[in-house]
file final_33.txt (compact mmCIF, C-alpha atoms and all ligand atoms)
# COMPACT_ATOMS: atom_id res chain seq x y z
CA MET H 1 -90.77 32.57 -68.64
CA SER H 2 -87.58 32.95 -70.67
CA GLU H 3 -85.90 29.80 -71.88
CA LYS H 4 -82.54 29.03 -70.24
CA LYS H 5 -79.70 29.30 -72.76
CA PRO H 6 -78.25 25.83 -73.32
CA THR H 7 -74.96 25.45 -71.48
CA THR H 8 -71.83 25.40 -73.60
CA TYR H 9 -68.48 23.94 -72.64
CA TRP H 10 -66.74 27.27 -73.38
CA ASP H 11 -69.03 29.25 -71.09
CA TYR H 12 -68.95 26.76 -68.27
CA ILE H 13 -65.17 26.30 -68.25
CA HIS H 14 -64.42 29.95 -69.19
CA ILE H 15 -62.14 28.71 -71.94
CA GLU H 16 -61.49 32.10 -73.56
CA GLU H 17 -60.55 33.78 -70.28
CA LEU H 18 -58.45 30.81 -69.22
CA THR H 19 -56.40 30.57 -72.42
CA SER H 20 -55.79 34.32 -72.54
CA LEU H 21 -53.85 34.40 -69.25
CA GLN H 22 -50.44 33.06 -70.35
CA SER H 23 -48.73 36.24 -71.57
CA GLY H 24 -46.76 36.97 -68.37
CA LEU H 25 -45.47 40.56 -68.47
CA ALA H 26 -45.81 40.92 -72.27
CA GLU H 27 -48.63 42.70 -74.08
CA SER H 28 -49.30 39.59 -76.07
CA GLU H 29 -48.38 35.93 -75.78
CA GLU H 30 -47.03 36.11 -79.37
CA GLU H 31 -44.00 37.99 -78.02
CA LEU H 32 -43.04 35.02 -75.86
CA SER H 33 -41.13 31.83 -76.70
CA ASN H 34 -42.80 28.45 -76.34
CA ASP H 35 -40.46 27.82 -73.40
CA GLU H 36 -41.71 30.84 -71.50
CA VAL H 37 -45.38 30.09 -72.20
CA LEU H 38 -44.76 26.56 -70.94
CA PHE H 39 -43.14 27.96 -67.78
CA ILE H 40 -46.09 30.26 -67.09
CA THR H 41 -48.71 27.62 -67.90
CA VAL H 42 -47.18 24.96 -65.67
CA HIS H 43 -47.16 27.39 -62.74
CA GLN H 44 -50.82 28.19 -63.37
CA VAL H 45 -51.71 24.49 -63.49
CA PHE H 46 -49.99 24.05 -60.12
CA GLU H 47 -51.81 27.02 -58.63
CA LEU H 48 -55.16 25.54 -59.72
CA TRP H 49 -54.27 22.24 -58.05
CA PHE H 50 -53.18 24.18 -54.95
CA LYS H 51 -56.60 25.85 -54.91
CA LEU H 52 -58.35 22.47 -54.80
CA ILE H 53 -55.95 21.18 -52.15
CA LEU H 54 -56.75 24.18 -49.99
CA ARG H 55 -60.50 23.58 -50.27
CA GLU H 56 -60.18 19.93 -49.25
CA LEU H 57 -57.84 20.71 -46.36
CA ARG H 58 -60.16 23.38 -45.00
CA THR H 59 -63.09 20.94 -45.15
CA ALA H 60 -61.13 18.27 -43.28
CA ARG H 61 -59.88 20.81 -40.74
CA ASP H 62 -63.39 22.11 -40.07
CA LEU H 63 -64.69 18.59 -39.53
CA PHE H 64 -62.04 17.80 -36.92
CA ARG H 65 -62.64 21.09 -35.15
CA LYS H 66 -66.09 19.81 -34.15
CA ASP H 67 -66.68 18.28 -30.75
CA PRO H 68 -67.64 15.53 -31.04
CA VAL H 69 -66.43 14.52 -34.49
CA ALA H 70 -69.21 12.33 -35.95
CA GLU H 71 -67.94 8.79 -36.67
CA GLN H 72 -69.98 8.63 -39.88
CA GLU H 73 -68.06 11.64 -41.27
CA LEU H 74 -64.66 9.97 -40.98
CA SER H 75 -64.76 8.04 -44.24
CA GLY H 76 -65.54 11.33 -46.05
CA ALA H 77 -62.57 13.00 -44.34
CA VAL H 78 -60.29 10.15 -45.45
CA ARG H 79 -61.53 10.59 -49.03
CA SER H 80 -60.76 14.33 -48.85
CA LEU H 81 -57.25 13.68 -47.56
CA GLU H 82 -56.66 10.98 -50.17
CA ARG H 83 -57.78 13.39 -52.87
CA VAL H 84 -55.17 15.88 -51.66
CA THR H 85 -52.50 13.17 -51.80
CA THR H 86 -53.54 12.19 -55.33
CA ILE H 87 -53.40 15.81 -56.52
CA LEU H 88 -49.98 16.30 -54.92
CA ARG H 89 -48.76 13.15 -56.64
CA ARG H 90 -49.87 14.60 -59.99
CA CYS H 91 -48.15 17.91 -59.13
CA THR H 92 -44.98 15.92 -58.46
CA ASP H 93 -45.26 14.41 -61.96
CA HIS H 94 -45.70 17.85 -63.53
CA PHE H 95 -42.09 18.71 -62.73
CA GLU H 96 -41.17 16.35 -65.54
CA VAL H 97 -42.83 18.76 -67.98
CA VAL H 98 -40.70 21.61 -66.60
CA GLU H 99 -37.61 19.48 -67.17
CA THR H 100 -38.16 19.67 -70.91
CA LEU H 101 -36.64 23.17 -70.45
CA THR H 102 -32.85 23.01 -70.74
CA THR H 103 -30.72 25.30 -68.61
CA ARG H 104 -30.11 27.60 -71.58
CA ASP H 105 -33.82 27.63 -72.54
CA TYR H 106 -34.64 28.85 -69.04
CA LEU H 107 -31.76 31.34 -68.84
CA ALA H 108 -33.14 33.00 -71.99
CA PHE H 109 -35.95 34.58 -69.94
CA ARG H 110 -34.99 33.97 -66.29
CA ASP H 111 -33.54 37.43 -65.57
CA LYS H 112 -36.88 39.16 -65.98
CA LEU H 113 -38.25 37.15 -63.04
CA PHE H 114 -36.03 38.67 -60.31
CA PRO H 115 -37.03 38.98 -57.47
CA ALA H 116 -40.22 36.98 -58.19
CA SER H 117 -40.28 33.29 -57.30
CA GLY H 118 -42.54 30.38 -56.34
CA PHE H 119 -41.44 31.49 -52.87
CA GLN H 120 -44.20 34.09 -53.25
CA SER H 121 -46.91 31.45 -53.87
CA ARG H 122 -49.50 32.50 -51.32
CA GLN H 123 -51.46 29.31 -51.83
CA LEU H 124 -48.51 27.14 -50.80
CA ARG H 125 -48.22 29.26 -47.62
CA GLN H 126 -51.96 28.92 -47.01
CA ILE H 127 -51.71 25.13 -47.42
CA GLU H 128 -48.86 25.05 -44.89
CA ILE H 129 -50.84 27.22 -42.47
CA VAL H 130 -54.07 25.21 -42.77
CA MET H 131 -52.11 21.97 -42.30
CA GLY H 132 -50.36 23.43 -39.25
CA LEU H 133 -46.68 24.08 -40.04
CA GLU H 134 -45.27 25.77 -36.93
CA GLU H 135 -43.92 29.29 -37.51
CA GLU H 136 -40.74 28.49 -35.56
CA ASP H 137 -40.06 25.52 -37.86
CA ARG H 138 -39.87 27.76 -40.93
CA ILE H 139 -36.49 28.31 -42.50
CA PRO H 140 -35.61 32.00 -42.54
CA PHE H 141 -33.67 33.28 -45.51
CA GLY H 142 -31.71 36.44 -46.23
CA GLY H 143 -31.27 37.43 -42.56
CA GLU H 144 -34.56 37.43 -40.68
CA LYS H 145 -36.78 37.80 -43.73
CA GLY H 146 -39.32 35.05 -44.04
CA PHE H 147 -42.15 34.52 -46.49
CA ALA H 148 -44.16 37.49 -45.14
CA ALA H 149 -41.47 39.93 -46.30
CA ALA H 150 -41.54 38.28 -49.73
CA LEU H 151 -45.28 38.95 -49.98
CA LYS H 152 -44.94 42.73 -49.87
CA GLU H 153 -45.46 44.83 -52.96
CA PRO H 154 -42.21 46.37 -54.30
CA ASP H 155 -43.15 49.68 -52.58
CA GLY H 156 -43.43 47.88 -49.22
CA THR H 157 -47.23 47.85 -48.98
CA PRO H 158 -49.03 44.56 -48.27
CA SER H 159 -50.03 42.66 -51.42
CA VAL H 160 -53.38 40.94 -51.94
CA SER H 161 -51.42 37.68 -51.53
CA MET H 162 -50.17 38.83 -48.14
CA GLN H 163 -53.69 39.82 -47.03
CA LYS H 164 -55.01 36.41 -48.01
CA VAL H 165 -52.26 34.68 -46.06
CA ARG H 166 -53.05 36.85 -43.03
CA GLU H 167 -56.74 35.95 -43.33
CA THR H 168 -55.81 32.27 -43.36
CA GLN H 169 -53.66 32.75 -40.27
CA ALA H 170 -56.69 34.30 -38.56
CA GLU H 171 -58.87 31.26 -39.33
CA GLY H 172 -57.74 29.65 -36.06
CA ALA H 173 -56.89 26.06 -35.23
CA SER H 174 -55.04 24.21 -37.99
CA LEU H 175 -55.75 20.66 -39.15
CA ARG H 176 -52.90 19.41 -36.94
CA GLU H 177 -54.28 21.21 -33.88
CA ALA H 178 -57.78 19.93 -34.60
CA ILE H 179 -56.48 16.35 -34.95
CA ASP H 180 -54.53 16.75 -31.70
CA GLU H 181 -57.68 17.88 -29.91
CA TRP H 182 -59.63 14.93 -31.34
CA LEU H 183 -56.93 12.47 -30.25
CA TYR H 184 -56.77 14.13 -26.83
CA ARG H 185 -60.46 13.31 -26.30
CA THR H 186 -60.13 9.69 -27.51
CA PRO H 187 -61.22 7.26 -24.76
CA ILE H 188 -58.35 4.98 -23.72
CA ASP H 189 -59.41 1.43 -22.92
CA GLY H 190 -63.03 2.52 -22.72
CA VAL H 191 -62.36 5.36 -20.26
CA ALA H 192 -63.33 8.83 -21.51
CA LEU H 193 -61.25 11.94 -20.86
CA ASP H 194 -63.75 13.39 -18.38
CA ASP H 195 -64.14 10.13 -16.40
CA ALA H 196 -62.58 10.24 -12.93
CA ASP H 197 -60.15 7.41 -13.69
CA SER H 198 -59.02 8.65 -17.13
CA GLU H 199 -55.43 9.23 -15.97
CA THR H 200 -55.25 5.77 -14.37
CA ALA H 201 -56.52 4.14 -17.58
CA LEU H 202 -53.93 6.06 -19.61
CA ASP H 203 -51.09 5.06 -17.26
CA ARG H 204 -52.24 1.44 -17.26
CA PHE H 205 -52.33 1.30 -21.07
CA LEU H 206 -48.88 2.86 -21.40
CA MET H 207 -47.38 0.60 -18.74
CA LYS H 208 -48.77 -2.53 -20.38
CA PHE H 209 -47.79 -1.35 -23.86
CA LEU H 210 -44.25 -0.37 -22.92
CA GLY H 211 -43.80 -3.77 -21.23
CA ALA H 212 -44.87 -5.48 -24.47
CA TYR H 213 -42.66 -3.11 -26.51
CA ASP H 214 -39.62 -3.94 -24.33
CA ALA H 215 -40.16 -7.67 -24.87
CA GLU H 216 -40.44 -7.16 -28.65
CA SER H 217 -37.42 -4.90 -28.74
CA ALA H 218 -35.38 -7.43 -26.68
CA ALA H 219 -36.35 -10.20 -29.12
CA SER H 220 -35.24 -8.08 -32.13
CA ARG H 221 -32.00 -7.24 -30.33
CA SER H 222 -31.26 -10.94 -29.77
CA ILE H 223 -31.78 -11.68 -33.45
CA ALA H 224 -29.55 -8.74 -34.42
CA LEU H 225 -26.85 -9.89 -31.94
CA SER H 226 -26.92 -13.46 -33.23
CA ASN H 227 -25.73 -12.09 -36.57
CA THR H 228 -22.86 -10.00 -35.23
CA LYS H 229 -19.17 -10.42 -35.99
CA GLY H 230 -16.96 -9.30 -33.12
CA PRO H 231 -17.36 -7.36 -29.85
CA GLU H 232 -17.37 -3.92 -31.49
CA GLU H 233 -20.50 -4.75 -33.40
CA VAL H 234 -22.14 -6.18 -30.26
CA GLU H 235 -21.44 -2.91 -28.49
CA ARG H 236 -22.82 -0.87 -31.39
CA ILE H 237 -26.02 -2.90 -31.57
CA ASP H 238 -26.51 -2.80 -27.81
CA GLU H 239 -26.13 0.97 -27.87
CA MET H 240 -28.56 1.31 -30.77
CA TYR H 241 -31.28 -0.68 -29.03
CA ALA H 242 -30.66 1.10 -25.71
CA ASP H 243 -31.01 4.49 -27.47
CA GLU H 244 -34.23 3.36 -29.12
CA ARG H 245 -35.74 2.22 -25.81
CA ALA H 246 -34.70 5.50 -24.17
CA SER H 247 -36.23 7.57 -26.95
CA VAL H 248 -39.51 5.62 -26.68
CA ARG H 249 -39.62 6.38 -22.93
CA ALA H 250 -38.79 10.06 -23.60
CA PHE H 251 -41.58 10.22 -26.19
CA PHE H 252 -44.11 9.50 -23.45
CA SER H 253 -42.55 11.92 -20.95
CA PRO H 254 -42.63 15.25 -22.78
CA ASN H 255 -41.66 18.19 -20.60
CA GLU H 256 -43.89 21.24 -20.24
CA ALA H 257 -42.16 23.02 -23.13
CA LYS H 258 -43.07 20.05 -25.35
CA GLY H 259 -46.71 19.97 -24.22
CA GLY H 260 -46.42 17.96 -20.96
CA ALA H 261 -49.35 15.75 -19.90
CA ARG H 262 -51.55 16.89 -22.78
CA ARG H 263 -49.00 15.89 -25.40
CA ARG H 264 -48.45 12.57 -23.59
CA ARG H 265 -52.15 11.79 -23.87
CA ILE H 266 -52.29 12.76 -27.58
CA ARG H 267 -49.34 10.48 -28.35
CA ALA H 268 -50.78 7.62 -26.31
CA ALA H 269 -54.14 8.00 -28.09
CA ALA H 270 -52.50 7.81 -31.53
CA LEU H 271 -50.66 4.68 -30.43
CA PHE H 272 -53.84 3.23 -28.94
CA VAL H 273 -55.76 3.76 -32.19
CA GLU H 274 -53.00 2.12 -34.24
CA THR H 275 -52.62 -0.79 -31.82
CA TYR H 276 -56.29 -1.75 -31.66
CA ARG H 277 -57.33 -0.70 -35.16
CA GLU H 278 -59.25 -3.96 -35.76
CA LEU H 279 -61.91 -2.83 -33.27
CA PRO H 280 -64.83 -1.36 -35.26
CA LEU H 281 -64.87 2.10 -33.67
CA LEU H 282 -61.11 2.52 -34.14
CA ALA H 283 -60.93 1.35 -37.76
CA TRP H 284 -61.82 4.71 -39.39
CA PRO H 285 -59.81 6.84 -36.93
CA ARG H 286 -56.81 4.70 -37.86
CA GLU H 287 -57.47 5.33 -41.57
CA VAL H 288 -57.55 9.08 -40.81
CA LEU H 289 -54.14 8.92 -39.11
CA ASP H 290 -52.71 6.84 -41.95
CA SER H 291 -54.04 9.19 -44.62
CA LEU H 292 -52.37 12.12 -42.84
CA VAL H 293 -49.03 10.32 -42.88
CA GLU H 294 -49.50 9.45 -46.54
CA LEU H 295 -50.33 13.06 -47.37
CA GLU H 296 -47.28 14.36 -45.53
CA GLN H 297 -45.09 11.74 -47.19
CA GLN H 298 -46.30 12.94 -50.58
CA PHE H 299 -45.64 16.55 -49.57
CA VAL H 300 -42.04 15.68 -48.74
CA VAL H 301 -41.66 13.82 -52.05
CA PHE H 302 -43.15 16.85 -53.84
CA ARG H 303 -40.60 19.16 -52.20
CA GLN H 304 -37.72 16.80 -52.98
CA ARG H 305 -38.86 16.42 -56.60
CA HIS H 306 -39.05 20.20 -57.02
CA ALA H 307 -35.51 20.46 -55.64
CA ARG H 308 -34.16 17.84 -58.08
CA MET H 309 -35.93 19.51 -61.00
CA ALA H 310 -34.49 22.88 -59.95
CA GLU H 311 -31.00 21.38 -59.59
CA ARG H 312 -31.25 19.91 -63.09
CA VAL H 313 -32.35 23.23 -64.60
CA ILE H 314 -30.34 25.83 -62.63
CA GLY H 315 -27.70 23.81 -60.79
CA ARG H 316 -26.65 25.21 -57.43
CA ARG H 317 -26.98 28.93 -58.21
CA ALA H 318 -29.02 31.30 -55.99
CA GLY H 319 -32.79 31.41 -56.57
CA THR H 320 -34.56 34.37 -58.17
CA GLY H 321 -36.47 34.81 -54.90
CA GLY H 322 -33.27 35.40 -52.92
CA THR H 323 -32.67 32.04 -51.23
CA ALA H 324 -29.59 29.85 -51.69
CA GLY H 325 -31.67 27.94 -54.27
CA VAL H 326 -31.54 24.14 -54.23
CA ALA H 327 -29.84 24.09 -50.80
CA TYR H 328 -32.87 25.97 -49.40
CA LEU H 329 -35.36 23.67 -51.15
CA ASP H 330 -33.59 20.56 -49.77
CA LYS H 331 -33.79 22.02 -46.26
CA THR H 332 -37.55 22.49 -46.57
CA ALA H 333 -37.93 18.83 -47.67
CA LEU H 334 -35.98 17.71 -44.63
CA LYS H 335 -37.39 20.05 -42.03
CA TYR H 336 -40.99 20.89 -42.89
CA ARG H 337 -42.83 18.17 -40.98
CA ILE H 338 -46.23 18.72 -39.42
CA PHE H 339 -47.55 15.39 -38.16
CA ARG H 340 -44.37 14.43 -36.32
CA ASP H 341 -46.07 12.37 -33.62
CA LEU H 342 -47.85 10.22 -36.19
CA TRP H 343 -44.51 9.43 -37.80
CA ALA H 344 -42.92 8.73 -34.40
CA ILE H 345 -45.59 6.14 -33.59
CA ARG H 346 -44.20 4.01 -36.43
CA THR H 347 -41.01 3.38 -34.44
CA LEU H 348 -42.84 1.91 -31.48
CA GLN H 349 -45.58 -0.19 -32.99
CA ILE H 350 -45.41 -3.91 -32.32
CA ARG H 351 -46.81 -7.08 -33.89
CA ARG H 352 -50.55 -7.57 -33.54
CA GLU H 353 -50.16 -10.75 -31.43
CA ALA H 354 -47.78 -8.96 -29.06
CA ALA H 355 -50.26 -6.18 -28.17
CA PRO H 356 -51.47 -6.32 -24.56
CA GLY H 357 -55.13 -7.21 -23.94
CA LEU H 358 -57.71 -4.50 -23.25
CA ASP H 359 -60.03 -4.34 -20.23
CA LYS H 360 -63.03 -3.09 -22.22
CA PRO H 361 -62.69 -4.02 -25.90
CA GLU H 362 -66.51 -4.14 -26.20
CA TYR H 363 -66.56 -0.32 -25.78
CA TYR H 364 -65.17 -0.04 -29.32
CA GLY H 365 -67.73 -2.39 -30.91
CA PHE H 366 -70.48 -1.15 -33.23
CA LEU H 367 -73.07 -1.45 -30.45
CA ARG H 368 -72.06 -0.13 -27.11
CA PRO H 369 -73.51 -1.98 -24.08
CA GLU H 370 -76.23 -0.04 -22.25
C1 LIG H 401 -37.35 26.12 -64.08
C2 LIG H 401 -38.22 25.84 -63.17
C3 LIG H 401 -38.05 26.15 -61.71
C4 LIG H 401 -36.92 26.46 -61.00
C5 LIG H 401 -35.50 26.55 -61.50
C6 LIG H 401 -37.34 26.70 -59.63
C7 LIG H 401 -36.49 27.07 -58.62
C8 LIG H 401 -36.90 27.46 -57.35
C9 LIG H 401 -36.04 27.96 -56.33
C10 LIG H 401 -34.54 28.11 -56.45
C11 LIG H 401 -36.79 28.26 -55.25
C12 LIG H 401 -36.32 28.83 -53.92
C13 LIG H 401 -36.77 30.26 -53.76
C14 LIG H 401 -35.93 31.22 -54.58
O1 LIG H 401 -34.90 31.65 -54.10
O2 LIG H 401 -36.35 31.54 -55.70
C15 LIG H 401 -38.14 27.93 -55.59
C16 LIG H 401 -39.22 28.04 -54.74
C17 LIG H 401 -40.48 27.61 -55.03
N1 LIG H 401 -40.91 27.13 -56.25
FE1 LIG H 401 -39.81 26.76 -57.88
N2 LIG H 401 -38.68 26.51 -59.55
C18 LIG H 401 -39.17 26.17 -60.78
C19 LIG H 401 -40.46 25.87 -61.12
C20 LIG H 401 -41.48 25.81 -60.23
C21 LIG H 401 -42.83 25.40 -60.54
C22 LIG H 401 -43.34 24.92 -61.90
C23 LIG H 401 -43.55 25.53 -59.41
C24 LIG H 401 -45.01 25.22 -59.28
C25 LIG H 401 -45.84 25.96 -58.58
C26 LIG H 401 -42.68 26.03 -58.37
C27 LIG H 401 -43.05 26.32 -57.08
C28 LIG H 401 -42.24 26.81 -56.11
C29 LIG H 401 -42.67 27.08 -54.77
C30 LIG H 401 -44.08 26.88 -54.22
C31 LIG H 401 -41.56 27.56 -54.08
C32 LIG H 401 -41.49 27.93 -52.60
C33 LIG H 401 -40.98 26.70 -51.84
C34 LIG H 401 -40.87 26.93 -50.33
O3 LIG H 401 -40.54 28.04 -49.89
O4 LIG H 401 -41.09 25.96 -49.59
N3 LIG H 401 -41.43 26.18 -58.89
N4 LIG H 401 -38.18 27.43 -56.88

call {"tool": "encode", "arguments": {"input": "final_33.txt", "output": "structure tokens"}}
result
Amino acid sequence: MSEKKPTTYWDYIHIEELTSLQSGLAESEEELSNDEVLFITVHQVFELWFKLILRELRTARDLFRKDPVAEQELSGAVRSLERVTTILRRCTDHFEVVETLTTRDYLAFRDKLFPASGFQSRQLRQIEIVMGLEEEDRIPFGGEKGFAAALKEPDGTPSVSMQKVRETQAEGASLREAIDEWLYRTPIDGVALDDADSETALDRFLMKFLGAYDAESAASRSIALSNTKGPEEVERIDEMYADERASVRAFFSPNEAKGGARRRRIRAAALFVETYRELPLLAWPREVLDSLVELEQQFVVFRQRHARMAERVIGRRAGTGGTAGVAYLDKTALKYRIFRDLWAIRTLQIRREAAPGLDKPEYYGFLRPE
């Protein structure tokens, strides 16, 4: 039997291949300035992080696609999602390295990039697709051209990047859709979705909760009013609280176009999990929901940070990829939200002591009664 060659760091990490990939369009890296090699390297570092993010997100998505989702897997899913958030936080920091490029440093080689851009990062698109960004929420640019047009080869044929994005689109339900399905099946007050009285249990929970919410909202309104100066302010505060109560009611009455009864149940389940998160069986589901909000928050911060870095380096000029530049990037930070319902729940949560009692809290204990 032949002896196995001892492992070396350089073989395992592929050091020679890795450090020979920073020459961009030049024959040799020697032809490039330090600034340009930095620019290329930072993009590569990001793309490697994106690769890991994509792996973790796919794992989490596949777990939540199962029916049922095993309770004992939830802590692992939270760790995956937290890893994604940590990586994104590091990516956000990396923009500081790019900012060591002055505007003139960057302009020295920027023209050769046209029409290439991070806009063509297929991994960012795959991340968005796996997470569940809705196609209709995407910001079109340059007429009707979206990211798919930007992923064509210059001669109009589909690039490898485009094929990979298409494959990801064909992978089916996104993480958001899988989470929705999981929430949809969550038993409300101990009544499972396929029990005959599941609708009654849902209505009862919402009625009790909204009653408690109204009382909490009225108490906050009184405090706010006690600090007012003059009738105009009273009117403004009254209007604000009335609008908030109306939007909470509307949140639980989505029309058919917004998902109707199914969406109502998903929203109620997310609220239920948050409200009774001290119960053992709801503790990990609540951590899952919180880690999704944390991840999305970090994504927004990442987008905003990229926009501020870009503004510092190129100002408000058009991007090499053909968008309006920083104005486009700011729009993505504002508009690209995936887990909207989980954010919305934050507006209606109430103090722990104010939460209405449950009929069957024992259902969510570690040991279910026979
Ligand atoms: C000097 C440095 C940079 C500048 C001035 C800059 C500027 C821009 C601009 C203006 C866009 C909008 C698309 C366009 O019209 O080109 C864009 C998109 C993008 N950039 Fe950068 N960028 C820089 C560095 C980076 C780095 C280091 C990354 C890391 C991967 C990155 C990733 C992206 C991504 C993923 C998009 C697409 C965003 C989306 O469509 O949501 N950029 N960049």

call {"tool": "atom_distance", "arguments": {"input": "final_33.txt", "atom1": "atom CA of H:Val84", "atom2": "atom CA of H:Pro187"}}
result
28.9 Å

call {"tool": "residues_near_ligand", "arguments": {"input": "final_33.txt", "ligand": "ligand LIG 401 (chain H)", "cutoff": "8 Å", "atoms": "only C-alpha atoms and all ligand atoms", "output": "VMD selection string"}}
result
chain H and resid 39 to 40 42 to 47 91 94 to 95 98 to 99 101 106 115 to 121 124 147 303 306 to 307 309 to 311 313 to 314 317 to 326 328 to 329 332

call {"tool": "closest_residue", "arguments": {"input": "final_33.txt", "among": "H:Arg286, H:Lys360, H:Arg316, H:Arg308", "to": "H:Thr92", "atoms": "only C-alpha atoms"}}
result
H:Arg308

call {"tool": "residues_around", "arguments": {"input": "final_33.txt", "residues": "H:Tyr184", "least_positions_apart": "2", "cutoff": "7 Å", "atoms": "all atoms listed in the file", "output": "compact mmCIF listing (two decimals) with C-alpha atoms, keeping the file's coordinate frame"}}
result
# COMPACT_ATOMS: atom_id res chain seq x y z
CA ASP H 180 -54.53 16.75 -31.70
CA GLU H 181 -57.68 17.88 -29.91
CA TRP H 182 -59.63 14.93 -31.34
CA THR H 186 -60.13 9.69 -27.51
CA ARG H 265 -52.15 11.79 -23.87
CA ILE H 266 -52.29 12.76 -27.58
CA ALA H 269 -54.14 8.00 -28.09

call {"tool": "residues_near_point", "arguments": {"input": "final_33.txt", "point": "(-53.2, -5.5, -28.9)", "cutoff": "9 Å", "atoms": "all atoms listed in the file", "output": "count of residues only"}}
result
14

call {"tool": "residues_near_point", "arguments": {"input": "final_33.txt", "point": "(-46.4, 18.1, -54.1)", "cutoff": "9 Å", "atoms": "all atoms listed in the file", "output": "list of chain:residue names"}}
result
H:Thr85, H:Ile87, H:Leu88, H:Arg89, H:Arg90, H:Cys91, H:Thr92, H:Asp93, H:Gln298, H:Phe299, H:Val300, H:Val301, H:Phe302, H:Arg303, H:Gln304, H:Arg305, H:His306

call {"tool": "atom_distance", "arguments": {"input": "final_33.txt", "atom1": "atom CA of H:Asp290", "atom2": "atom CA of H:Ile179"}}
result
12.4 Å

call {"tool": "decode", "arguments": {"input": "final_33.txt", "residues": "stretch 53-66 of chain H", "atoms": "C-alpha atoms", "output": "compact mmCIF listing (two decimals), in the first residue's frame"}}
result
# COMPACT_ATOMS: atom_id res chain seq x y z
CA ILE H 53 -23.34 32.61 2.53
CA LEU H 54 -25.04 30.80 -0.32
CA ARG H 55 -24.16 27.38 1.11
CA GLU H 56 -25.55 28.26 4.55
CA LEU H 57 -28.72 29.78 3.13
CA ARG H 58 -29.41 26.73 0.98
CA THR H 59 -28.96 24.47 4.01
CA ALA H 60 -31.37 26.55 6.09
CA ARG H 61 -33.86 26.73 3.21
CA ASP H 62 -33.78 22.95 2.70
CA LEU H 63 -34.39 22.35 6.38
CA PHE H 64 -37.49 24.55 6.43
CA ARG H 65 -38.82 22.94 3.28
CA LYS H 66 -39.31 19.71 5.25
